[in-house]
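With compact mmCIF, C-alpha atoms inside, this is input-v9.txt:
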# COMPACT_ATOMS: atom_id res chain seq x y z
CA MET V 1 62.55 132.46 101.44
CA ILE V 2 60.89 135.76 102.35
CA GLY V 3 57.28 135.19 103.24
CA GLN V 4 57.62 131.46 103.74
CA THR V 5 56.55 129.69 106.93
CA VAL V 6 59.26 127.31 108.06
CA SER V 7 59.98 124.91 110.90
CA LEU V 8 63.17 125.44 112.87
CA ARG V 9 64.86 124.32 116.06
CA ILE V 10 65.99 127.00 118.57
CA THR V 11 69.74 126.68 119.02
CA GLU V 12 70.49 129.86 121.01
CA VAL V 13 68.64 132.47 123.11
CA ASN V 14 70.51 135.65 124.12
CA ARG V 15 68.39 137.96 126.27
CA ALA V 16 71.10 140.57 126.56
CA ARG V 17 71.36 140.95 122.83
CA ARG V 18 67.68 140.21 122.34
CA ARG V 19 68.62 137.56 119.82
CA VAL V 20 67.18 134.12 119.07
CA VAL V 21 69.04 131.78 116.70
CA GLY V 22 67.34 128.81 115.01
CA SER V 23 68.25 126.07 112.56
CA ILE V 24 66.05 125.00 109.70
CA LYS V 25 68.68 122.46 108.73
CA ALA V 26 68.35 120.66 112.05
CA VAL V 27 64.61 120.19 111.60
CA THR V 28 65.06 119.10 108.00
CA TYR V 29 67.75 116.63 109.03
CA GLU V 30 65.57 115.19 111.80
CA ALA V 31 62.64 114.90 109.42
CA ARG V 32 64.83 113.18 106.85
CA GLN V 33 66.18 110.78 109.48
CA ALA V 34 62.63 109.97 110.56
CA ALA V 35 61.59 109.47 106.94
CA GLN V 36 64.56 107.20 106.31
CA ALA V 37 63.75 105.14 109.37
CA GLU V 38 60.13 104.87 108.20
CA ILE V 39 61.21 103.64 104.78
CA TRP V 40 63.75 101.10 106.05
CA ASN V 41 61.25 99.79 108.61
CA ASN V 42 58.55 99.22 106.00
CA ILE V 43 60.39 98.61 102.72
CA GLU V 44 59.68 95.40 100.85
CA VAL V 45 60.23 94.04 97.35
CA GLY V 46 57.52 95.18 94.96
CA LYS V 47 56.40 98.16 97.06
CA HIS V 48 55.66 101.31 95.08
CA TYR V 49 56.88 104.82 95.85
CA THR V 50 56.60 108.21 94.22
CA GLY V 51 60.10 109.66 93.90
CA THR V 52 62.04 112.52 92.37
CA VAL V 53 65.03 112.15 90.07
CA LYS V 54 67.99 113.70 91.93
CA SER V 55 70.92 112.87 89.67
CA MET V 56 71.82 110.95 86.55
CA THR V 57 74.74 108.81 85.35
CA SER V 58 75.42 106.94 82.14
CA TYR V 59 74.23 103.71 83.75
CA GLY V 60 71.06 104.95 85.47
CA VAL V 61 69.39 107.55 87.74
CA PHE V 62 69.14 108.12 91.49
CA VAL V 63 65.63 108.70 92.80
CA ASP V 64 64.68 110.18 96.20
CA ILE V 65 61.73 108.15 97.52
CA GLY V 66 61.33 110.22 100.68
CA GLY V 67 64.63 110.66 102.45
CA VAL V 68 66.31 107.65 100.87
CA ASP V 69 67.87 107.44 97.43
CA GLY V 70 67.36 104.41 95.25
CA MET V 71 69.05 103.46 91.98
CA VAL V 72 67.12 102.85 88.78
CA HIS V 73 69.46 101.06 86.35
CA ILE V 74 69.23 102.12 82.71
CA SER V 75 67.88 98.68 81.82
CA GLU V 76 64.94 99.28 84.20
CA LEU V 77 63.99 102.70 82.81
CA SER V 78 62.38 101.49 79.60
CA TRP V 79 61.43 98.31 77.79
CA SER V 80 62.92 99.82 74.63
CA ARG V 81 66.67 99.89 74.01
CA ILE V 82 68.16 103.23 75.18
CA LYS V 83 71.79 104.38 75.26
CA ASN V 84 71.45 107.10 77.91
CA PRO V 85 68.92 107.76 80.72
CA ALA V 86 68.51 111.32 79.41
CA GLU V 87 66.51 109.85 76.52
CA VAL V 88 63.58 109.12 78.86
CA VAL V 89 63.99 111.15 82.12
CA SER V 90 65.42 114.43 83.44
CA VAL V 91 66.59 115.65 86.85
CA GLY V 92 63.54 116.81 88.82
CA ASP V 93 61.11 114.41 87.11
CA THR V 94 58.62 112.61 89.34
CA LEU V 95 58.58 108.85 88.83
CA ASP V 96 56.39 106.03 90.04
CA VAL V 97 58.94 103.41 91.08
CA TYR V 98 58.89 100.02 92.77
CA VAL V 99 61.47 98.12 94.80
CA ILE V 100 63.36 95.38 92.99
CA SER V 101 65.82 94.60 95.81
CA PHE V 102 67.37 96.28 98.86
CA ASP V 103 70.26 95.87 101.30
CA PRO V 104 69.70 97.59 104.70
CA GLU V 105 73.31 97.04 105.78
CA LYS V 106 74.78 98.74 102.71
CA HIS V 107 71.84 101.16 102.48
CA LYS V 108 71.29 100.31 98.83
CA ILE V 109 67.96 100.11 97.05
CA SER V 110 67.42 98.93 93.49
CA LEU V 111 64.34 100.41 91.87
CA GLY V 112 62.40 99.80 88.69
CA VAL V 113 60.15 101.97 86.57
CA LYS V 114 58.99 99.62 83.81
CA ASP V 115 55.39 98.48 84.08
CA ARG V 116 55.57 94.71 84.43
CA SER V 117 52.07 94.38 83.00
CA MET V 118 53.44 95.81 79.74
CA ASN V 119 56.29 93.31 79.49
CA PRO V 120 57.15 93.21 75.77
CA TRP V 121 58.33 89.60 76.07
CA ASP V 122 54.77 88.64 76.97
CA LYS V 123 53.61 90.55 73.90
CA PHE V 124 56.10 88.66 71.76
CA MET V 125 55.00 85.31 73.20
CA ALA V 126 51.35 86.15 72.55
CA THR V 127 52.02 87.30 68.99
CA TYR V 128 54.62 85.00 67.44
CA HIS V 129 55.34 81.30 67.13
CA VAL V 130 58.23 79.33 65.65
CA GLY V 131 57.96 79.50 61.87
CA ASP V 132 56.14 82.84 61.79
CA VAL V 133 57.38 85.68 59.60
CA ALA V 134 58.02 88.99 61.40
CA ASN V 135 58.90 92.44 60.14
CA VAL V 136 61.88 93.60 62.21
CA ARG V 137 64.33 96.50 62.44
CA ILE V 138 68.11 95.99 62.50
CA VAL V 139 69.43 97.63 65.70
CA LYS V 140 72.98 96.30 66.02
CA LEU V 141 75.64 94.68 63.83
CA MET V 142 78.25 92.31 65.24
CA THR V 143 80.85 90.12 63.56
CA PHE V 144 78.77 87.03 64.39
CA GLY V 145 75.40 88.37 63.29
CA ALA V 146 72.79 91.13 63.45
CA PHE V 147 70.39 91.99 66.28
CA ALA V 148 66.88 92.97 65.22
CA GLU V 149 64.00 94.47 67.20
CA VAL V 150 61.03 92.12 66.89
CA VAL V 151 58.72 94.16 69.14
CA PRO V 152 59.72 97.30 71.08
CA GLY V 153 61.96 96.06 73.89
CA VAL V 154 62.58 92.57 72.47
CA ASP V 155 65.52 91.83 70.17
CA GLY V 156 66.40 88.66 68.31
CA LEU V 157 69.66 87.50 66.74
CA ILE V 158 70.10 86.72 63.06
CA HIS V 159 73.26 84.65 63.15
CA ILE V 160 75.67 85.30 60.29
CA THR V 161 75.04 81.76 59.01
CA ASP V 162 71.30 82.53 58.76
CA LEU V 163 71.67 85.75 56.78
CA SER V 164 72.30 84.12 53.41
CA TRP V 165 72.63 80.69 51.84
CA GLY V 166 75.98 81.91 50.49
CA ARG V 167 79.08 82.69 52.52
CA VAL V 168 78.99 86.02 54.42
CA ASN V 169 82.10 87.62 55.90
CA HIS V 170 80.24 90.34 57.84
CA PRO V 171 76.51 91.08 58.36
CA GLU V 172 76.92 94.53 56.78
CA GLU V 173 77.24 92.75 53.43
CA ILE V 174 73.56 91.79 53.73
CA VAL V 175 71.82 94.26 56.09
CA ALA V 176 72.25 97.80 57.44
CA LEU V 177 71.40 99.55 60.72
CA ASP V 178 67.74 100.66 61.00
CA GLN V 179 66.85 98.61 57.92
CA LYS V 180 63.44 96.92 58.14
CA ILE V 181 63.28 93.37 56.81
CA ASN V 182 61.15 90.24 57.06
CA VAL V 183 62.61 87.28 58.95
CA VAL V 184 61.50 83.87 60.15
CA ILE V 185 61.23 83.02 63.86
CA LEU V 186 63.54 79.99 64.05
CA ASP V 187 63.47 79.38 67.79
CA PHE V 188 63.19 81.12 71.16
CA ASP V 189 64.10 80.45 74.80
CA ASP V 190 61.42 81.64 77.22
CA GLN V 191 63.70 81.36 80.27
CA LYS V 192 66.74 83.13 78.80
CA LYS V 193 64.55 85.49 76.73
CA ARG V 194 66.47 84.78 73.53
CA ILE V 195 65.17 84.63 69.97
CA ALA V 196 66.83 83.10 66.91
CA LEU V 197 65.85 84.67 63.60
CA GLY V 198 66.57 83.69 60.02
CA LEU V 199 66.66 85.67 56.78
CA LYS V 200 67.82 83.05 54.30
CA GLN V 201 64.94 80.77 55.30
CA LEU V 202 62.54 83.05 53.38
CA THR V 203 63.99 81.72 50.12
CA PRO V 204 64.37 78.11 48.93
CA HIS V 205 67.67 76.38 49.54
CA PRO V 206 69.90 76.93 46.48
CA TRP V 207 70.42 73.18 46.13
CA GLU V 208 66.67 72.81 45.59
CA ALA V 209 66.81 75.37 42.79
CA LEU V 210 69.89 73.81 41.20
CA ASP V 211 69.47 72.86 37.54
CA PRO V 212 67.94 69.35 37.65
CA ASN V 213 69.72 68.47 34.40
CA LEU V 214 73.16 69.11 35.89
CA LYS V 215 75.10 65.84 36.03
CA VAL V 216 78.53 64.30 36.49
CA GLY V 217 80.80 65.23 33.61
CA ASP V 218 79.23 68.64 32.98
CA LYS V 219 81.39 71.76 32.97
CA VAL V 220 80.59 74.56 35.44
CA LYS V 221 82.06 77.97 36.24
CA GLY V 222 82.38 79.54 39.69
CA ARG V 223 84.35 81.72 42.07
CA VAL V 224 86.84 80.44 44.66
CA VAL V 225 85.42 81.38 48.09
CA VAL V 226 87.52 79.38 50.57
CA MET V 227 91.03 77.98 50.40
CA ALA V 228 92.55 75.10 52.35
CA ASP V 229 95.77 73.13 51.98
CA TYR V 230 93.79 70.13 50.72
CA GLY V 231 91.71 72.03 48.18
CA ALA V 232 89.47 74.94 47.26
CA PHE V 233 85.72 75.52 47.60
CA VAL V 234 84.14 77.02 44.49
CA GLU V 235 80.72 78.67 44.55
CA ILE V 236 78.92 77.84 41.31
CA ALA V 237 75.67 79.48 42.53
CA PRO V 238 74.79 81.38 45.74
CA GLY V 239 74.85 78.72 48.44
CA VAL V 240 76.03 75.90 46.16
CA GLU V 241 79.70 75.01 46.49
CA GLY V 242 81.90 72.27 45.15
CA LEU V 243 85.29 71.09 46.38
CA ILE V 244 88.27 70.91 44.07
CA HIS V 245 90.74 68.65 45.82
CA VAL V 246 94.40 69.55 45.33
CA SER V 247 94.90 66.22 43.54
CA GLU V 248 92.28 67.23 40.95
CA MET V 249 93.90 70.52 39.96
CA SER V 250 96.71 69.50 37.63
CA TRP V 251 97.93 66.41 35.79
CA SER V 252 101.55 67.55 35.79
CA GLN V 253 102.09 69.86 38.77
CA HIS V 254 102.90 68.17 42.07
CA LEU V 255 101.20 70.63 44.43
CA ARG V 256 101.95 70.74 48.13
CA SER V 257 98.89 72.95 48.77
CA ALA V 258 95.99 74.35 46.78
CA GLN V 259 97.30 77.90 47.32
CA GLU V 260 100.08 77.17 44.82
CA PHE V 261 97.47 76.79 42.07
CA MET V 262 94.72 79.36 42.85
CA LYS V 263 93.50 81.93 45.35
CA VAL V 264 90.23 83.28 46.80
CA GLY V 265 88.34 85.35 44.25
CA ASP V 266 89.63 83.47 41.19
CA GLU V 267 87.03 82.61 38.54
CA VAL V 268 87.54 79.01 37.45
CA GLU V 269 86.01 76.42 35.17
CA ALA V 270 85.78 72.82 36.33
CA VAL V 271 84.20 69.45 35.61
CA ILE V 272 81.68 67.84 37.99
CA LEU V 273 83.23 64.62 39.32
CA THR V 274 80.58 63.65 41.89
CA LEU V 275 77.14 65.09 42.63
CA ASP V 276 75.01 64.11 45.67
CA ARG V 277 71.83 66.19 45.78
CA GLU V 278 70.54 64.56 48.97
CA GLU V 279 73.75 65.24 50.92
CA ARG V 280 74.22 68.53 49.02
CA LYS V 281 77.81 67.73 48.16
CA MET V 282 79.74 68.15 44.94
CA SER V 283 83.34 67.48 43.96
CA LEU V 284 84.97 69.20 41.01
CA GLY V 285 88.11 68.81 38.95
CA ILE V 286 90.13 71.18 36.80
CA LYS V 287 92.64 68.77 35.32
CA GLN V 288 89.77 66.87 33.70
CA LEU V 289 89.34 69.80 31.29
CA THR V 290 92.41 68.50 29.47
CA PRO V 291 93.20 64.96 28.33
CA ASP V 292 94.76 62.59 30.85
CA PRO V 293 98.46 62.34 29.88
CA TRP V 294 98.52 58.79 31.24
CA GLU V 295 95.85 57.70 28.79
CA ASN V 296 97.35 55.17 26.31
CA ILE V 297 100.79 55.87 27.85
CA GLU V 298 101.87 52.30 27.10
CA VAL V 299 101.10 52.90 23.42
CA LYS V 300 102.93 56.26 23.26
CA TYR V 301 105.94 55.00 25.18
CA PRO V 302 106.28 51.25 24.91
CA VAL V 303 108.99 49.56 26.93
CA GLY V 304 112.35 50.12 25.26
CA THR V 305 111.49 53.55 23.84
CA LYS V 306 114.38 56.04 23.94
CA THR V 307 113.20 59.57 24.93
CA THR V 308 114.30 62.71 26.80
CA ALA V 309 113.01 63.85 30.15
CA LYS V 310 113.51 66.62 32.73
CA VAL V 311 114.68 65.71 36.22
CA ARG V 312 111.93 66.88 38.60
CA ASN V 313 112.93 65.52 41.98
What is this file in structure tokens?
Amino acid sequence: MIGQTVSLRITEVNRARRRVVGSIKAVTYEARQAAQAEIWNNIEVGKHYTGTVKSMTSYGVFVDIGGVDGMVHISELSWSRIKNPAEVVSVGDTLDVYVISFDPEKHKISLGVKDRSMNPWDKFMATYHVGDVANVRIVKLMTFGAFAEVVPGVDGLIHITDLSWGRVNHPEEIVALDQKINVVILDFDDQKKRIALGLKQLTPHPWEALDPNLKVGDKVKGRVVVMADYGAFVEIAPGVEGLIHVSEMSWSQHLRSAQEFMKVGDEVEAVILTLDREERKMSLGIKQLTPDPWENIEVKYPVGTKTTAKVRN
């Protein structure tokens, strides 16, 4: 402090010892109190201040706007997605901030830094419409889908059901973090700022590409993808599944559930029993690959025939 000119308040004068004692802190405190009073008397939502970053936390930064500290939440530091305030600011930085809200009783002020004129949602609304194709970057994977950055600061959700026409257990089977892909804008909510994206919509529905010559009675091969007590769903092409009901699995076995006959992942051959292209439904049968043992049963075993049999139940 040598050489500096400072303001101080005289706290003691001792003529005998020829000593004068002063306090810089007292003047600084009074000035800060006056500055605080000035701010609280004139603060209003939307008012701009030039402040200095005093401290940082994982959820935001505290900014001194002239004797009063305000909080800038991490979500208000940048339009882009950031994980830590240190990515965009440092202690000591000077920021142009504005008041979002304040509570004089609790002495709390919520501040913002983002330029509202550069709102990326407005950019999205001006650029894209439902049905448009956008090049996006995958920024987060969840069990229910993948979030993708459409424009910096605006993310959309590709629901797991819109990743592929086929069944998907987890988004990582189709996409990866930071991967750039094309998607279709399916829908958006201007009030909630939500966007629904689709990847599978870039390709025709598999039922539309299904062999037009395929008909009832034809044999097909596929993989069991879902099991239920009443039957099994078999994928004969990506996005095209047929149901094998438990009653259509065996002529001779009396099955209580489909799991007794097959499991997920099994490769099976079956016969098409019904085919509805409009409803996109198909039923399959395995027992039809072999002759029906009841066919001509009255000829093979006429009444009065003596034979042997195994007690089943």
* Asked: Which residues come within 8 Å of region 269-279 of chain V, counting only C-alpha atoms, excluding same-chain residues fewer than 5 positions away, as a ChimeraX atom specification?
  -> /V:207,215-222,284-286,288-289
Using only C-alpha atoms, find each residue in region 29-80 of chain V having at least one atom no more than 9 Å away from region 93-115 of chain V; report its shortest atom-to-atom pair and that distance in Å (one decimal), rows by chain then rising number, as a Markdown table.
| residue | atom | partner | partner_atom | distance |
| --- | --- | --- | --- | --- |
| V:Trp40 | CA | V:Pro104 | CA | 7.0 |
| V:Ile43 | CA | V:Val99 | CA | 8.0 |
| V:Glu44 | CA | V:Val99 | CA | 6.9 |
| V:Val45 | CA | V:Val99 | CA | 5.0 |
| V:Gly46 | CA | V:Val99 | CA | 4.9 |
| V:Lys47 | CA | V:Tyr98 | CA | 5.3 |
| V:His48 | CA | V:Tyr98 | CA | 4.2 |
| V:Tyr49 | CA | V:Val97 | CA | 5.4 |
| V:Thr50 | CA | V:Asp96 | CA | 4.7 |
| V:Gly51 | CA | V:Leu95 | CA | 5.4 |
| V:Thr52 | CA | V:Thr94 | CA | 4.6 |
| V:Val53 | CA | V:Asp93 | CA | 5.4 |
| V:Lys54 | CA | V:Asp93 | CA | 8.4 |
| V:Val63 | CA | V:Leu95 | CA | 8.1 |
| V:Ile65 | CA | V:Val97 | CA | 8.5 |
| V:Val68 | CA | V:Ile109 | CA | 8.6 |
| V:Asp69 | CA | V:Ile109 | CA | 7.3 |
| V:Gly70 | CA | V:Ile109 | CA | 4.7 |
| V:Met71 | CA | V:Ser110 | CA | 5.0 |
| V:Val72 | CA | V:Leu111 | CA | 4.8 |
| V:His73 | CA | V:Gly112 | CA | 7.5 |
| V:Ser75 | CA | V:Gly112 | CA | 8.9 |
| V:Glu76 | CA | V:Gly112 | CA | 5.2 |
| V:Leu77 | CA | V:Val113 | CA | 5.4 |
| V:Ser78 | CA | V:Lys114 | CA | 5.7 |
| V:Trp79 | CA | V:Lys114 | CA | 6.6 |
Find the residues with any atom within 9 Å of (96.1, 77.4, 37.9); use all atoms listed in the file and the coordinates as given in the file, and write the answer as a PDB file with C-alpha atoms, in the coordinates of the input.
ATOM      1  CA  MET V 249      93.900  70.520  39.960  1.00  0.00           C
ATOM      2  CA  SER V 250      96.710  69.500  37.630  1.00  0.00           C
ATOM      3  CA  GLU V 260     100.080  77.170  44.820  1.00  0.00           C
ATOM      4  CA  PHE V 261      97.470  76.790  42.070  1.00  0.00           C
ATOM      5  CA  MET V 262      94.720  79.360  42.850  1.00  0.00           C
ATOM      6  CA  VAL V 268      87.540  79.010  37.450  1.00  0.00           C
ATOM      7  CA  ILE V 286      90.130  71.180  36.800  1.00  0.00           C
TER       8      ILE V 286
END
* Separation of CA of Pro206 (chain V) from CA of Val130 (chain V) in Å ->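 CA of Val130 (chain V) sits 22.6 Å away from CA of Pro206 (chain V).
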* To do: Measure the distance from CA of Asp64 (chain V) to CA of Gln33 (chain V) in Å and round it to one decimal.
  =>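 Value for the CA of Asp64 (chain V)-CA of Gln33 (chain V) distance: 13.4 Å.
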* Quick one: distance from CA of Arg137 (chain V) to CA of Lys180 (chain V) in Å, one decimal? ->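 Computing it gives 4.4 Å between the two atoms.
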* Can you pull out every residue within 12 Å of Arg256 (chain V), counting all atoms listed in the file, but drop anything in the same chain fewer than 5 positions away, and send it as a ChimeraX atom specification? => /V:228-231,245-247,249-250,261
* Counting all atoms listed in the file, what is within 7 Å of Ile24 (chain V), bar same-chain residues fewer than 2 positions away, as a ChimeraX atom specification? -> /V:7-9,22,26-28
* List every protein, DNA or RNA residue that has at least one atom no more than 12 Å from (76.4, 77.0, 45.9) in the file's coordinates, counting all atoms listed in the file, and write the result as an MDAnalysis selection string. => chainID V and resid 164:167 205:211 220:225 233:243 277 280:283
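Between Val150 (chain V) and the residues V:Lys192, V:Leu197, V:Asp187, V:Ala86, the shortest atom-to-atom distance, using only C-alpha atoms, involves V:Leu197.
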* Asked: Pick the closest to Ile195 (chain V) from V:Leu214, V:Val20, V:Met1, V:Val183: which is it, counting only C-alpha atoms?
  ->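 Among the listed residues, V:Val183 lies closest to Ile195 (chain V).
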* **Contact residues around region 142-146 of chain V with only C-alpha atoms at 12 Å, ignoring same-chain residues under 2 positions, as a PyMOL selection string** => chain V and resi 136-140+148-149+155-164+168-179+181+183+195-199
* Residues near Lys123 (chain V), cut-off 12 Å, all atoms listed in the file, skip fewer than 4 positions along chain, as a ChimeraX atom specification -> /V:79,116-119,127-129,150-154
* To do: Select, from V:Glu87, V:Lys25, V:Gly67, V:Val61, the residue with the minimum atom-to-atom distance to Ala37 (chain V), counting only C-alpha atoms.
  =>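 Looking only at the distances to Ala37 (chain V), the closest residue turns out to be V:Gly67.
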Atom completion result for region 157-167 of chain V (all heavy atoms) as a compact mmCIF listing (two decimals), in the frame of the given file:
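Output (rebuild33.txt):
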# COMPACT_ATOMS: atom_id res chain seq x y z
N LEU V 157 68.38 87.58 67.45
CA LEU V 157 69.66 87.50 66.74
C LEU V 157 69.50 86.75 65.42
O LEU V 157 68.98 85.64 65.39
CB LEU V 157 70.71 86.80 67.60
CG LEU V 157 72.04 86.48 66.90
CD1 LEU V 157 72.77 87.78 66.51
CD2 LEU V 157 72.93 85.62 67.78
N ILE V 158 69.96 87.41 64.35
CA ILE V 158 70.10 86.72 63.06
C ILE V 158 71.56 86.33 62.97
O ILE V 158 72.42 87.18 62.72
CB ILE V 158 69.73 87.62 61.87
CG1 ILE V 158 68.39 88.34 62.10
CG2 ILE V 158 69.67 86.80 60.59
CD1 ILE V 158 68.06 89.37 61.03
N HIS V 159 71.87 85.07 63.21
CA HIS V 159 73.26 84.65 63.15
C HIS V 159 73.78 84.80 61.73
O HIS V 159 73.01 84.71 60.76
CB HIS V 159 73.40 83.19 63.61
CG HIS V 159 74.81 82.79 63.90
ND1 HIS V 159 75.63 82.24 62.94
CD2 HIS V 159 75.56 82.89 65.04
CE1 HIS V 159 76.81 82.00 63.48
NE2 HIS V 159 76.80 82.38 64.74
N ILE V 160 75.07 85.05 61.61
CA ILE V 160 75.67 85.30 60.29
C ILE V 160 75.41 84.14 59.33
O ILE V 160 75.28 84.35 58.11
CB ILE V 160 77.17 85.59 60.44
CG1 ILE V 160 77.74 86.15 59.13
CG2 ILE V 160 77.93 84.36 60.91
CD1 ILE V 160 79.14 86.70 59.27
N THR V 161 75.29 82.93 59.87
CA THR V 161 75.04 81.76 59.01
C THR V 161 73.58 81.70 58.54
O THR V 161 73.26 80.91 57.65
CB THR V 161 75.37 80.47 59.76
OG1 THR V 161 74.59 80.41 60.97
CG2 THR V 161 76.85 80.41 60.10
N ASP V 162 72.71 82.52 59.15
CA ASP V 162 71.30 82.53 58.76
C ASP V 162 70.92 83.78 57.97
O ASP V 162 69.74 84.03 57.74
CB ASP V 162 70.41 82.41 60.01
CG ASP V 162 70.47 81.02 60.62
OD1 ASP V 162 70.31 80.06 59.86
OD2 ASP V 162 70.69 80.91 61.84
N LEU V 163 71.93 84.56 57.58
CA LEU V 163 71.67 85.75 56.78
C LEU V 163 71.52 85.43 55.30
O LEU V 163 70.73 86.05 54.58
CB LEU V 163 72.78 86.78 56.97
CG LEU V 163 72.75 87.58 58.28
CD1 LEU V 163 74.06 88.34 58.45
CD2 LEU V 163 71.58 88.56 58.29
N SER V 164 72.30 84.46 54.83
CA SER V 164 72.30 84.12 53.41
C SER V 164 72.71 82.67 53.23
O SER V 164 73.45 82.12 54.04
CB SER V 164 73.26 85.04 52.65
OG SER V 164 73.43 84.62 51.32
N TRP V 165 72.21 82.06 52.14
CA TRP V 165 72.63 80.69 51.84
C TRP V 165 74.10 80.68 51.41
O TRP V 165 74.77 79.67 51.55
CB TRP V 165 71.76 80.10 50.73
CG TRP V 165 70.35 79.85 51.14
CD1 TRP V 165 69.23 80.49 50.70
CD2 TRP V 165 69.89 78.88 52.09
NE1 TRP V 165 68.11 79.98 51.31
CE2 TRP V 165 68.48 78.99 52.17
CE3 TRP V 165 70.53 77.93 52.90
CZ2 TRP V 165 67.72 78.20 53.01
CZ3 TRP V 165 69.76 77.13 53.73
CH2 TRP V 165 68.37 77.26 53.78
N GLY V 166 74.58 81.81 50.87
CA GLY V 166 75.98 81.91 50.49
C GLY V 166 76.85 82.27 51.67
O GLY V 166 76.36 82.51 52.78
N ARG V 167 78.15 82.34 51.44
CA ARG V 167 79.08 82.69 52.52
C ARG V 167 79.05 84.21 52.74
O ARG V 167 79.04 84.99 51.80
CB ARG V 167 80.50 82.24 52.18
CG ARG V 167 80.66 80.72 52.18
CD ARG V 167 82.10 80.32 51.92
NE ARG V 167 82.24 78.88 51.87
CZ ARG V 167 82.55 78.11 52.90
NH1 ARG V 167 82.78 78.66 54.07
NH2 ARG V 167 82.67 76.79 52.77
